[in-house]
Structures are given as structure tokens and as C-alpha cells.
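> Got upload18.cif for you, mmCIF, C-alpha atoms (C1' of nucleotides) and all ligand atoms:
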data_upload
#
loop_
_atom_site.label_atom_id
_atom_site.label_comp_id
_atom_site.auth_asym_id
_atom_site.auth_seq_id
_atom_site.Cartn_x
_atom_site.Cartn_y
_atom_site.Cartn_z
CA MET M 1 11.60 10.03 -12.74
CA PHE M 2 13.08 12.00 -9.91
CA ASN M 3 9.65 13.42 -9.19
CA GLN M 4 8.15 9.96 -9.25
CA LYS M 5 10.59 8.69 -6.64
CA LYS M 6 9.70 11.65 -4.48
CA LYS M 7 6.02 11.01 -5.08
CA PHE M 8 6.36 7.52 -3.64
CA GLN M 9 8.12 8.80 -0.55
CA GLU M 10 5.45 11.45 -0.01
CA TYR M 11 2.79 8.80 -0.40
CA LEU M 12 4.41 6.64 2.27
CA LYS M 13 4.67 9.60 4.59
CA SER M 14 1.03 10.54 4.02
CA LYS M 15 -0.01 7.05 5.03
CA SER M 16 2.43 6.81 7.93
CA LEU M 17 4.28 4.01 6.22
CA ALA M 18 8.01 3.51 6.44
CA PHE M 19 10.50 4.11 3.65
CA SER M 20 12.27 0.91 4.57
CA LYS M 21 15.54 -0.45 3.25
CA GLU M 22 13.65 -2.99 1.13
CA ARG M 23 11.29 -0.40 -0.31
CA LYS M 24 14.25 1.78 -1.23
CA ILE M 25 15.98 -1.11 -2.99
CA ILE M 26 12.87 -1.84 -5.02
CA LEU M 27 12.19 1.81 -5.80
CA ASP M 28 15.73 2.29 -7.09
CA GLU M 29 15.58 -0.83 -9.20
CA VAL M 30 12.24 0.13 -10.71
CA PHE M 31 13.52 3.55 -11.73
CA SER M 32 16.82 2.23 -13.01
CA THR M 33 15.09 0.06 -15.60
CA SER M 34 13.70 1.68 -18.68
CA GLY M 35 10.35 0.85 -20.16
CA HIS M 36 8.28 -2.10 -19.05
CA PHE M 37 9.15 -4.90 -16.72
CA GLU M 38 7.58 -7.86 -15.00
CA ALA M 39 7.52 -8.47 -11.27
CA GLU M 40 9.50 -11.68 -11.61
CA ASP M 41 12.16 -9.94 -13.70
CA LEU M 42 12.57 -7.33 -11.03
CA LEU M 43 12.89 -10.03 -8.40
CA PHE M 44 15.60 -11.79 -10.38
CA SER M 45 17.54 -8.62 -11.16
CA LEU M 46 17.70 -7.98 -7.45
CA ARG M 47 18.82 -11.53 -6.75
CA LYS M 48 21.59 -11.22 -9.31
CA LYS M 49 22.77 -8.08 -7.57
CA LYS M 50 22.69 -9.92 -4.24
CA LYS M 51 20.06 -7.54 -2.99
CA ARG M 52 17.81 -10.03 -1.34
CA VAL M 53 14.19 -8.98 -1.02
CA SER M 54 11.46 -11.53 -0.79
CA ARG M 55 8.93 -12.14 -3.51
CA ALA M 56 6.14 -11.05 -1.16
CA THR M 57 7.84 -7.74 -0.51
CA VAL M 58 8.38 -7.14 -4.20
CA TYR M 59 4.69 -7.64 -4.93
CA ARG M 60 3.64 -5.64 -1.89
CA THR M 61 5.88 -2.74 -2.83
CA LEU M 62 4.76 -2.76 -6.43
CA ASP M 63 1.21 -2.40 -5.13
CA LEU M 64 2.24 0.58 -3.07
CA LEU M 65 4.02 2.11 -6.05
CA VAL M 66 0.89 1.72 -8.10
CA LYS M 67 -1.24 3.24 -5.36
CA SER M 68 1.14 6.16 -5.02
CA GLY M 69 0.71 6.88 -8.70
CA SER M 70 4.36 6.53 -9.63
CA VAL M 71 4.10 3.17 -11.37
CA SER M 72 1.38 1.70 -13.50
CA LYS M 73 0.33 -1.89 -13.89
CA ILE M 74 -0.51 -2.99 -17.40
CA ASN M 75 -1.94 -6.11 -18.89
CA PHE M 76 -0.96 -7.10 -22.42
CA GLY M 77 -3.31 -10.04 -22.62
CA GLU M 78 -0.96 -12.44 -20.90
CA ALA M 79 -1.41 -14.29 -17.64
CA HIS M 80 0.90 -12.01 -15.71
CA SER M 81 1.05 -8.24 -15.40
CA HIS M 82 3.62 -5.78 -16.59
CA TYR M 83 4.64 -2.60 -14.85
CA GLU M 84 6.19 0.63 -15.96
CA HIS M 85 7.24 3.73 -14.14
CA ILE M 86 5.09 6.63 -15.13
CA LEU M 87 6.64 9.14 -17.46
CA GLU M 88 5.65 12.69 -18.03
CA GLN M 89 3.54 11.51 -20.93
CA GLU M 90 -0.03 11.70 -19.86
CA TYR M 91 -1.81 10.25 -22.85
CA HIS M 92 0.17 7.19 -23.47
CA GLY M 93 -0.77 3.89 -25.06
CA HIS M 94 0.84 0.76 -26.52
CA LEU M 95 1.06 -1.07 -29.80
CA VAL M 96 1.60 -4.75 -29.09
CA CYS M 97 2.85 -7.09 -31.82
CA LEU M 98 0.97 -10.36 -31.70
CA LYS M 99 3.81 -12.20 -33.37
CA CYS M 100 7.10 -11.02 -31.90
CA GLY M 101 5.80 -9.39 -28.73
CA LYS M 102 7.40 -6.05 -29.51
CA ILE M 103 5.84 -3.12 -27.69
CA ILE M 104 5.81 0.36 -29.14
CA GLU M 105 4.74 3.28 -27.03
CA PHE M 106 2.86 6.23 -28.34
CA GLU M 107 1.48 9.40 -26.99
CA ASN M 108 -1.58 10.96 -28.49
CA GLU M 109 -3.58 13.82 -27.09
CA LYS M 110 -6.72 12.42 -28.67
CA ILE M 111 -6.82 10.10 -25.67
CA GLY M 112 -7.33 13.15 -23.49
CA LYS M 113 -10.19 14.39 -25.64
CA LEU M 114 -11.78 10.97 -25.59
CA LYS M 115 -11.41 10.77 -21.85
CA ASN M 116 -13.04 14.14 -21.29
CA GLU M 117 -15.88 13.34 -23.63
CA GLU M 118 -16.71 10.05 -21.99
CA ALA M 119 -16.23 11.36 -18.46
CA LYS M 120 -18.77 14.10 -19.12
CA ARG M 121 -21.19 11.91 -21.03
CA ASN M 122 -21.29 9.23 -18.35
CA ASN M 123 -20.76 11.38 -15.31
CA PHE M 124 -17.64 9.43 -14.46
CA GLN M 125 -14.54 10.60 -12.65
CA ILE M 126 -11.70 9.04 -14.62
CA MET M 127 -8.50 8.37 -12.73
CA ARG M 128 -6.48 6.51 -15.31
CA HIS M 129 -6.72 4.66 -18.59
CA SER M 130 -5.36 1.72 -20.45
CA LEU M 131 -5.15 1.67 -24.24
CA GLU M 132 -3.61 -1.10 -26.26
CA PHE M 133 -3.68 -1.77 -29.96
CA TYR M 134 -2.88 -5.35 -30.94
CA GLY M 135 -1.61 -6.22 -34.37
CA TYR M 136 1.54 -6.81 -36.39
CA CYS M 137 4.63 -4.67 -36.47
CA SER M 138 6.39 -3.71 -39.69
CA ARG M 139 8.78 -6.67 -39.50
CA CYS M 140 6.09 -9.23 -38.77
CA ARG M 141 3.47 -8.38 -41.34
CA LYS M 142 4.13 -10.40 -44.43
CA MET R 1 -25.47 -11.68 -32.75
CA PHE R 2 -26.94 -13.95 -35.35
CA ASN R 3 -24.08 -13.03 -37.63
CA GLN R 4 -21.60 -13.72 -34.90
CA LYS R 5 -22.92 -17.22 -34.37
CA LYS R 6 -22.65 -17.81 -38.07
CA LYS R 7 -19.16 -16.37 -38.07
CA PHE R 8 -18.06 -18.97 -35.57
CA GLN R 9 -19.50 -21.78 -37.60
CA GLU R 10 -17.78 -20.51 -40.75
CA TYR R 11 -14.53 -20.26 -38.84
CA LEU R 12 -14.80 -23.88 -37.73
CA LYS R 13 -15.57 -24.97 -41.25
CA SER R 14 -12.62 -23.01 -42.64
CA LYS R 15 -10.31 -24.82 -40.25
CA SER R 16 -11.94 -28.23 -40.73
CA LEU R 17 -13.07 -28.24 -37.14
CA ALA R 18 -16.32 -29.77 -35.97
CA PHE R 19 -19.34 -27.86 -34.76
CA SER R 20 -19.75 -30.36 -31.97
CA LYS R 21 -22.59 -30.70 -29.47
CA GLU R 22 -20.44 -29.14 -26.76
CA ARG R 23 -19.39 -26.22 -28.93
CA LYS R 24 -23.00 -25.57 -29.79
CA ILE R 25 -24.00 -25.57 -26.12
CA ILE R 26 -21.28 -23.07 -25.32
CA LEU R 27 -22.00 -20.89 -28.33
CA ASP R 28 -25.68 -20.69 -27.42
CA GLU R 29 -24.93 -19.86 -23.83
CA VAL R 30 -22.45 -17.15 -24.77
CA PHE R 31 -24.95 -15.47 -27.03
CA SER R 32 -27.82 -15.82 -24.61
CA THR R 33 -26.03 -13.76 -21.99
CA SER R 34 -25.88 -10.03 -22.43
CA GLY R 35 -22.80 -7.98 -21.80
CA HIS R 36 -19.73 -9.36 -20.14
CA PHE R 37 -19.15 -12.67 -18.47
CA GLU R 38 -16.40 -14.74 -16.96
CA ALA R 39 -15.40 -18.22 -18.02
CA GLU R 40 -16.23 -19.67 -14.62
CA ASP R 41 -19.68 -18.03 -14.67
CA LEU R 42 -20.37 -19.61 -18.01
CA LEU R 43 -19.29 -22.98 -16.70
CA PHE R 44 -21.50 -22.59 -13.69
CA SER R 45 -24.56 -21.49 -15.69
CA LEU R 46 -24.20 -24.59 -17.81
CA ARG R 47 -23.94 -26.80 -14.73
CA LYS R 48 -27.10 -25.29 -13.32
CA LYS R 49 -28.88 -26.10 -16.55
CA LYS R 50 -27.54 -29.66 -16.37
CA LYS R 51 -25.65 -29.10 -19.58
CA ARG R 52 -22.44 -30.74 -18.62
CA VAL R 53 -19.40 -29.55 -20.47
CA SER R 54 -15.96 -29.80 -18.95
CA ARG R 55 -13.96 -26.81 -17.82
CA ALA R 56 -11.27 -27.64 -20.39
CA THR R 57 -13.81 -27.57 -23.19
CA VAL R 58 -15.23 -24.27 -22.02
CA TYR R 59 -11.81 -22.66 -22.09
CA ARG R 60 -10.90 -24.33 -25.35
CA THR R 61 -14.10 -23.16 -27.00
CA LEU R 62 -13.74 -19.63 -25.69
CA ASP R 63 -10.33 -19.55 -27.33
CA LEU R 64 -11.86 -20.64 -30.60
CA LEU R 65 -14.58 -18.03 -30.28
CA VAL R 66 -11.95 -15.37 -29.77
CA LYS R 67 -9.95 -16.61 -32.73
CA SER R 68 -13.03 -16.62 -34.91
CA GLY R 69 -13.60 -12.98 -34.06
CA SER R 70 -17.04 -13.42 -32.57
CA VAL R 71 -16.04 -12.99 -28.94
CA SER R 72 -13.47 -10.77 -27.34
CA LYS R 73 -11.41 -11.35 -24.25
CA ILE R 74 -10.99 -8.36 -21.98
CA ASN R 75 -8.96 -7.67 -18.91
CA PHE R 76 -10.27 -5.23 -16.33
CA GLY R 77 -7.19 -5.32 -14.16
CA GLU R 78 -8.23 -8.43 -12.29
CA ALA R 79 -6.52 -11.80 -12.19
CA HIS R 80 -9.05 -13.45 -14.47
CA SER R 81 -10.35 -12.47 -17.88
CA HIS R 82 -13.76 -11.35 -18.98
CA TYR R 83 -15.36 -12.12 -22.28
CA GLU R 84 -18.05 -10.47 -24.33
CA HIS R 85 -19.67 -11.33 -27.60
CA ILE R 86 -18.80 -8.75 -30.17
CA LEU R 87 -21.48 -6.28 -31.07
CA GLU R 88 -21.78 -4.25 -34.20
CA GLN R 89 -20.02 -1.43 -32.37
CA GLU R 90 -16.57 -1.21 -33.76
CA TYR R 91 -15.05 1.50 -31.61
CA HIS R 92 -16.04 0.33 -28.22
CA GLY R 93 -14.46 0.87 -24.82
CA HIS R 94 -15.26 0.54 -21.11
CA LEU R 95 -15.57 2.73 -18.06
CA VAL R 96 -14.76 0.62 -15.02
CA CYS R 97 -15.74 1.82 -11.54
CA LEU R 98 -12.92 1.13 -9.09
CA LYS R 99 -15.32 1.07 -6.17
CA CYS R 100 -18.47 -0.83 -7.17
CA GLY R 101 -17.11 -2.62 -10.22
CA LYS R 102 -19.81 -1.27 -12.50
CA ILE R 103 -18.92 -1.37 -16.17
CA ILE R 104 -20.30 1.15 -18.63
CA GLU R 105 -19.78 0.66 -22.32
CA PHE R 106 -19.24 3.45 -24.74
CA GLU R 107 -18.69 3.82 -28.41
CA ASN R 108 -16.65 6.65 -29.77
CA GLU R 109 -15.40 7.02 -33.31
CA LYS R 110 -12.37 8.91 -32.03
CA ILE R 111 -10.94 5.48 -31.29
CA GLY R 112 -10.99 4.80 -35.00
CA LYS R 113 -9.17 8.03 -35.77
CA LEU R 114 -6.60 7.28 -33.10
CA LYS R 115 -6.11 3.80 -34.44
CA ASN R 116 -5.53 5.00 -37.97
CA GLU R 117 -3.13 7.68 -36.86
CA GLU R 118 -0.99 5.34 -34.83
CA ALA R 119 -1.13 2.54 -37.38
CA LYS R 120 0.23 4.86 -40.02
CA ARG R 121 2.76 6.55 -37.78
CA ASN R 122 4.26 3.27 -36.58
CA ASN R 123 3.72 1.19 -39.66
CA PHE R 124 1.62 -1.24 -37.67
CA GLN R 125 -1.24 -3.39 -38.84
CA ILE R 126 -3.80 -3.10 -36.05
CA MET R 127 -6.17 -6.01 -35.60
CA ARG R 128 -7.99 -5.03 -32.44
CA HIS R 129 -7.85 -2.70 -29.48
CA SER R 130 -8.57 -2.53 -25.81
CA LEU R 131 -9.54 0.72 -24.13
CA GLU R 132 -10.51 1.05 -20.50
CA PHE R 133 -10.99 4.10 -18.35
CA TYR R 134 -10.78 3.45 -14.62
CA GLY R 135 -12.41 5.76 -12.12
CA TYR R 136 -15.55 6.37 -10.10
CA CYS R 137 -19.10 6.22 -11.31
CA SER R 138 -21.69 8.84 -10.42
CA ARG R 139 -22.91 6.89 -7.41
CA CYS R 140 -19.45 6.17 -6.02
CA ARG R 141 -17.82 9.55 -6.23
CA LYS R 142 -18.34 11.39 -2.99
"C1'" DT G 1 14.58 4.04 29.62
"C1'" DT G 2 11.06 0.71 29.06
"C1'" DA G 3 6.77 -1.17 27.72
"C1'" DA G 4 3.31 -1.41 24.40
"C1'" DC G 5 1.97 -1.26 19.92
"C1'" DA G 6 2.08 -1.09 14.95
"C1'" DA G 7 4.51 -1.82 10.76
"C1'" DT G 8 7.48 -4.75 8.04
"C1'" DT G 9 9.59 -8.73 6.50
"C1'" DG G 10 10.66 -13.57 4.59
"C1'" DA G 11 9.72 -18.44 4.00
"C1'" DG G 12 6.78 -21.22 2.53
"C1'" DA G 13 1.90 -22.65 2.17
"C1'" DT G 14 -2.05 -21.58 -0.35
"C1'" DT G 15 -5.16 -19.91 -3.86
"C1'" DC G 16 -6.80 -19.35 -8.29
"C1'" DA G 17 -7.25 -19.10 -13.23
"C1'" DG G 18 -6.00 -21.42 -16.81
"C1'" DT G 19 -3.45 -25.30 -19.32
"C1'" DC G 20 -1.97 -29.85 -20.15
"C1'" DT G 21 -2.15 -34.98 -20.43
"C1'" DC G 22 -3.98 -38.89 -21.98
"C1'" DA G 23 -7.17 -42.49 -22.61
"C1'" DA G 24 -11.72 -42.99 -24.45
"C1'" DT G 25 -14.83 -41.55 -27.97
"C1'" DC G 26 -16.39 -39.51 -32.12
"C1'" DT G 27 -16.27 -38.24 -37.21
"C1'" DC G 28 -15.68 -38.90 -41.76
"C1'" DA G 29 -13.45 -40.01 -45.98
"C1'" DA G 30 -11.36 -43.81 -48.41
"C1'" DT F 1 -14.86 -51.18 -42.19
"C1'" DT F 2 -10.81 -48.94 -41.16
"C1'" DG F 3 -7.88 -45.48 -39.56
"C1'" DA F 4 -6.26 -40.76 -39.08
"C1'" DG F 5 -7.38 -36.95 -36.91
"C1'" DA F 6 -10.55 -34.26 -34.02
"C1'" DT F 7 -12.86 -33.93 -29.58
"C1'" DT F 8 -13.82 -34.70 -24.96
"C1'" DG F 9 -13.57 -35.06 -19.65
"C1'" DA F 10 -11.19 -35.96 -15.39
"C1'" DG F 11 -7.93 -34.61 -12.93
"C1'" DA F 12 -2.94 -33.46 -12.61
"C1'" DC F 13 -0.29 -29.58 -13.24
"C1'" DT F 14 1.53 -24.72 -13.74
"C1'" DG F 15 2.65 -20.07 -12.72
"C1'" DA F 16 1.37 -15.70 -10.92
"C1'" DA F 17 0.00 -13.69 -7.07
"C1'" DT F 18 -1.62 -13.67 -2.27
"C1'" DC F 19 -1.80 -15.14 2.37
"C1'" DT F 20 -0.09 -16.74 7.00
"C1'" DC F 21 2.49 -16.22 10.75
"C1'" DA F 22 6.41 -15.85 13.59
"C1'" DA F 23 10.41 -12.97 13.98
"C1'" DT F 24 12.16 -8.33 13.62
"C1'" DT F 25 12.13 -3.45 13.39
"C1'" DG F 26 10.43 1.09 14.24
"C1'" DT F 27 7.52 4.41 16.92
"C1'" DT F 28 5.09 6.31 20.71
"C1'" DA F 29 3.74 7.05 25.52
"C1'" DA F 30 4.69 6.75 30.19
ZN ZN N 201 6.46 -8.09 -34.61
ZN ZN N 202 4.31 2.25 -21.84
ZN ZN N 203 -19.32 2.78 -8.70
ZN ZN N 204 -17.98 -4.14 -23.70
#
Take the structure from the file and write it as C-alpha cells.


Amino acid sequence: MFNQKKKFQEYLKSKSLAFSKERKIILDEVFSTSGHFEAEDLLFSLRKKKKRVSRATVYRTLDLLVKSGSVSKINFGEAHSHYEHILEQEYHGHLVCLKCGKIIEFENEKIGKLKNEEAKRNNFQIMRHSLEFYGYCSRCRK
Amino acid sequence: MFNQKKKFQEYLKSKSLAFSKERKIILDEVFSTSGHFEAEDLLFSLRKKKKRVSRATVYRTLDLLVKSGSVSKINFGEAHSHYEHILEQEYHGHLVCLKCGKIIEFENEKIGKLKNEEAKRNNFQIMRHSLEFYGYCSRCRK
DNA sequence: TTAACAATTGAGATTCAGTCTCAATCTCAA
DNA sequence: TTGAGATTGAGACTGAATCTCAATTGTTAA
């Protein structure tokens, strides 16, 4: 988490981009939330705290965070995206409940094996992955 | 493919829904394309062939196709969705090139093992999955 | 210091995919 | 034949995300 914040700052430096007041506010907010969040949620949390940053800046900064590798953008089959700050876990996926929307995270090193196999087989340089299982959680299956 | 068309018709019957002229046009078009397509592409192909079906009906029918299990909806990190008719391949994923947009399909039974492991571990009933690896294809990596 | 230039921002307009509304039409069983 | 429910198309609408552009801030060179 601490490393990830640093990573973003290094990224900005490497691209000669400023670590502006607004970018700091967003960075801190992102890493103060746990788990997944949506861009609009982030925007409203900031508003509630009277830390006014425009919607455009929120989206722009989230893009930078994604590019820097400290945040990932995920799609759970909805119209909008979700984000999460990247944890140490490298081989991380999600179980998404189709009924209640609950999201369970898992980590499984088989993802790494799969990745290596397919990278080699297809001569592909894999930078990141996205793995979601959709179904019903224990409470929602009848 | 043939089975999948039938599957859709059975689904409609099971829900007392009509296999209307429009639904047939869309079904045929979906299964005449190979690989992935976008809803707007489908709409446009139909227009070119003078088979006029409204945008609303295209989207509505794609939803039905997804529900029937004969088509799947995929997100490759873009704003719009992609669709593909479901093949026999059960454990199927995608390699997406971040530069040229090329999509390579793969099938790997490790996905099945992973699925079973996580289903058991989290007491989850998994209905479907989505697995994408993002990176650079052989032509795009320098 | 100052001038020039580039980066950054916010407000609001715009885009775009997808959904909704609703009146007209179709289907089919009673 | 009637009527309830299913289906459709046109176009209005929505919501997420992006774009525009003028104002502001930061950086560099003279
Ligand atoms: Zn649930
Ligand atoms: Zn996660
Ligand atoms: Zn490529
Ligand atoms: Zn595929």
C-alpha cells in the first residue's frame, strides 16, 4: 500500500508529471478505502469531506493510477468500471454473486501457471489478467 | 453451433416466448459470424443486408441469447461489450493485445481445476467465468 | 526577474452504449 | 372473435466517461 503510493509518485516523476494537490487528495482517498470502489463513489466521498476535486480530474487521475500500475480497473459485467488498489497478491481473481452482488476475492497460484503456459504457447507478453467467476454465493443459492 | 441455435429456441419455448421473425434474423446473423462481434456491428450488418431490425430488438435479443446460454457477453476493458456464440470449448479464455487489439482464444483445462477449487473453498456455485490476459502479441512486442 | 511554455484544473458540453417508453401490431388460446 | 400478453420500432432518455477550453499553476531559459 505504502509501496503503491510511492510507485505512483515515481511514475509521475518518470513522465515529468506533477504530484499536484488534487492528485495527492485522490491518491490518499484511494488508499484509504479497502477493497473495490467505483469512480463516482470516490468522487462523492471527497465531496462529503469537502475536498473538492472535479469529476474530470478524478477520472484522469484514476487513469494515471492504472497506468502507473498501482491501481487496477475491473469490470464485473456492469455498465461502469470498478477499481481497486493493487495488493501484494499477484494471482488474484473474483467470485461475483449474480444475486446479491457480493464479491469474494481469491488468490490462486494456478493463475500464474496458466499465464505462463498461454504466454509461451501463443508467444504473448502478458502484462496483467482479469479473472472472474460468476455464480451464487452460499447465502443466495437455494 | 447447430445445438446452440436449438438451445435458444428451446429456451424461448420454456419461457413461452415467441421465436419471432426478428429473433430468427438475429439468431442467424449471430451464428453466421465467426468469433467475436459487437452489438452495433451486428446491427450494421443487418442494415447492409436490408434486414431491418431495430436497435432495441437487437439488444433485447442479445440479452435473451445470453440468458439462454448460447451466446456470451464479454468485456475487453472497453466501454462497450463484445459477444460471441458459445463453442464447445468449456474452459476458454482470451489473450488481448493492448497495442493492435488482436484477440487470441485459448482453451485450457486448468481453468476447470481452478473453478472447482475456488467453488469448493468459498462455497460458491459457479455458473460461468471470464478470463482475459492483457499484453502484447508477437508482432507488437518490440 | 521576466517571458515563454507546458502541465493542470474545473465547469459544463458532448459522446456513446445501452435502456426505456409507449403506441401499434402480432399471437394464440378460449 | 375477443382479449391478454408478447413483440416491435422510433425516438427519448440515462449514466458513465470523455472532451473542450479558458483560467491557473508550475517550470525553464534568458
Ligand atoms: Zn449472494
Ligand atoms: Zn479484488
Ligand atoms: Zn498486437
Ligand atoms: Zn472467445

> Given all atoms listed in the file as the basis, pick out the residue of R:Asn3, R:Ser68, R:Thr57, R:Asn116 nearest to chain M.

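Checking each candidate against chain M, we get R:Asn116 as the closest.
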
> How would you write, as a list in words, the set of residues no farther than 12 Å from ligand ZN 203 (chain N) when counting only C-alpha atoms (C1' of nucleotides) and all ligand atoms?

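Sorted by chain and then by number, the residues are Asn122, Asn123, Phe124, Gln125 and Ile126 of chain M; Leu95, Val96, Cys97, Leu98, Lys99, Cys100, Gly101, Lys102, Ile103, Ile104, Tyr134, Gly135, Tyr136, Cys137, Ser138, Arg139, Cys140, Arg141 and Lys142 of chain R.
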
> Identify which of the residues M:Leu114, M:Val71, M:Ala39, M:Ala79 lies closest to DT14 (chain F), counting all atoms listed in the file when measuring atom-to-atom distances.

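With all atoms listed in the file as the atom set, the closest residue is M:Ala79.
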
> Should the cut-off be 9 Å, what would the residue list for chain M against chain F look like, counting all atoms listed in the file, as a ChimeraX atom specification?

/M:18,56,59,79-81

> Please identify every residue of chain R that has at least one atom no farther than 7 Å from an atom of ligand ZN 204 (chain N), counting all atoms listed in the file, and for each give the shortest atom pair and the distance in Å to one decimal, arranged by chain then increasing number, as a Markdown table.


| residue | atom | partner | partner_atom | distance |
| --- | --- | --- | --- | --- |
| R:Gly35 | CA | N:ZN204 | ZN | 6.4 |
| R:His36 | CA | N:ZN204 | ZN | 6.6 |
| R:Glu84 | CA | N:ZN204 | ZN | 6.4 |
| R:His92 | CA | N:ZN204 | ZN | 6.6 |
| R:Gly93 | CA | N:ZN204 | ZN | 6.2 |
| R:His94 | CA | N:ZN204 | ZN | 6.0 |
| R:Glu105 | CA | N:ZN204 | ZN | 5.3 |

> Suppose you want the space between CA of Tyr11 (chain M) and CA of Gly69 (chain M); what is it in Å?

8.8 Å

> Find the residues around region 61-63 of chain R up to 10 Å (all atoms listed in the file counted), leave out those fewer than 6 positions away in its own chain, and share them as number ranges by chain.

R: 22-24, 26-27, 30, 39, 55, 69-73, 83

> Find the distance between C1' of DC5 (chain G) and CA of Ser16 (chain M) and write it in Å to one decimal.

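Going from C1' of DC5 (chain G) over to CA of Ser16 (chain M) covers 14.5 Å.
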
> For chain M, work out the contacting residues on chain G at 9 Å, counting all atoms listed in the file, and write them as number ranges by chain.

G: 7-11, 17-18

> In Å, how far is it from CA of Lys110 (chain R) to CA of Lys120 (chain M)?

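Atom-to-atom, CA of Lys110 (chain R) and CA of Lys120 (chain M) are spaced 15.3 Å apart.
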
> Under the rule that only C-alpha atoms are counted, which of M:Asn75, M:Glu88, M:Glu10, M:Asp28 is the nearest residue to chain R?

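Of M:Asn75, M:Glu88, M:Glu10, M:Asp28, the one nearest chain R is M:Asn75, counting only C-alpha atoms.
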
> May I ask which of the residues M:Glu90, M:Glu29, M:Glu40, M:Glu78 is the closest one to chain R, counting only C-alpha atoms?

M:Glu78

> My list of candidates is R:Glu117, R:Glu132, R:Glu107, R:Glu38. Which is closest to chain M when distances are computed with all atoms listed in the file?

R:Glu132

> With only C-alpha atoms and all ligand atoms as the atoms that count, which of M:His85, M:Lys13, M:Lys115, M:Arg128 lies nearest to ligand ZN 202 (chain N)?

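Among the listed residues, M:His85 lies closest to ligand ZN 202 (chain N).
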
> When you get a chance, write out N, CA, C and O atoms for region 17-31 of chain M, as an mmCIF file, keeping the file's coordinate frame.


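This went into result_39.cif:
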data_model
loop_
_atom_site.group_PDB
_atom_site.id
_atom_site.type_symbol
_atom_site.label_atom_id
_atom_site.label_comp_id
_atom_site.auth_asym_id
_atom_site.auth_seq_id
_atom_site.Cartn_x
_atom_site.Cartn_y
_atom_site.Cartn_z
ATOM 1 N N LEU M 17 3.590 5.266 6.524
ATOM 2 C CA LEU M 17 4.280 4.010 6.220
ATOM 3 C C LEU M 17 5.772 4.296 6.106
ATOM 4 O O LEU M 17 6.174 5.411 5.758
ATOM 5 N N ALA M 18 6.559 3.304 6.416
ATOM 6 C CA ALA M 18 8.010 3.510 6.440
ATOM 7 C C ALA M 18 8.632 3.433 5.053
ATOM 8 O O ALA M 18 8.181 2.674 4.199
ATOM 9 N N PHE M 19 9.675 4.221 4.856
ATOM 10 C CA PHE M 19 10.500 4.110 3.650
ATOM 11 C C PHE M 19 11.643 3.181 4.030
ATOM 12 O O PHE M 19 12.753 3.603 4.282
ATOM 13 N N SER M 20 11.321 1.907 4.064
ATOM 14 C CA SER M 20 12.270 0.910 4.570
ATOM 15 C C SER M 20 13.395 0.639 3.579
ATOM 16 O O SER M 20 13.309 1.018 2.407
ATOM 17 N N LYS M 21 14.402 -0.042 4.069
ATOM 18 C CA LYS M 21 15.540 -0.450 3.250
ATOM 19 C C LYS M 21 15.055 -1.201 2.007
ATOM 20 O O LYS M 21 15.457 -0.926 0.883
ATOM 21 N N GLU M 22 14.152 -2.162 2.238
ATOM 22 C CA GLU M 22 13.650 -2.990 1.130
ATOM 23 C C GLU M 22 12.889 -2.141 0.115
ATOM 24 O O GLU M 22 13.028 -2.322 -1.098
ATOM 25 N N ARG M 23 12.075 -1.245 0.612
ATOM 26 C CA ARG M 23 11.290 -0.400 -0.310
ATOM 27 C C ARG M 23 12.216 0.499 -1.113
ATOM 28 O O ARG M 23 11.959 0.766 -2.285
ATOM 29 N N LYS M 24 13.301 0.945 -0.488
ATOM 30 C CA LYS M 24 14.250 1.780 -1.230
ATOM 31 C C LYS M 24 14.929 0.964 -2.330
ATOM 32 O O LYS M 24 15.062 1.437 -3.462
ATOM 33 N N ILE M 25 15.332 -0.250 -2.003
ATOM 34 C CA ILE M 25 15.980 -1.110 -2.990
ATOM 35 C C ILE M 25 15.075 -1.312 -4.205
ATOM 36 O O ILE M 25 15.497 -1.186 -5.355
ATOM 37 N N ILE M 26 13.813 -1.593 -3.926
ATOM 38 C CA ILE M 26 12.870 -1.840 -5.020
ATOM 39 C C ILE M 26 12.616 -0.570 -5.822
ATOM 40 O O ILE M 26 12.636 -0.579 -7.052
ATOM 41 N N LEU M 27 12.412 0.522 -5.123
ATOM 42 C CA LEU M 27 12.190 1.810 -5.800
ATOM 43 C C LEU M 27 13.335 2.115 -6.752
ATOM 44 O O LEU M 27 13.127 2.461 -7.924
ATOM 45 N N ASP M 28 14.573 1.974 -6.251
ATOM 46 C CA ASP M 28 15.730 2.290 -7.090
ATOM 47 C C ASP M 28 15.806 1.378 -8.295
ATOM 48 O O ASP M 28 16.102 1.808 -9.403
ATOM 49 N N GLU M 29 15.517 0.116 -8.082
ATOM 50 C CA GLU M 29 15.580 -0.830 -9.200
ATOM 51 C C GLU M 29 14.524 -0.490 -10.249
ATOM 52 O O GLU M 29 14.811 -0.492 -11.445
ATOM 53 N N VAL M 30 13.320 -0.199 -9.784
ATOM 54 C CA VAL M 30 12.240 0.130 -10.710
ATOM 55 C C VAL M 30 12.627 1.320 -11.586
ATOM 56 O O VAL M 30 12.449 1.305 -12.795
ATOM 57 N N PHE M 31 13.202 2.345 -10.957
ATOM 58 C CA PHE M 31 13.520 3.550 -11.730
ATOM 59 C C PHE M 31 14.872 3.483 -12.415
ATOM 60 O O PHE M 31 15.258 4.419 -13.094
#
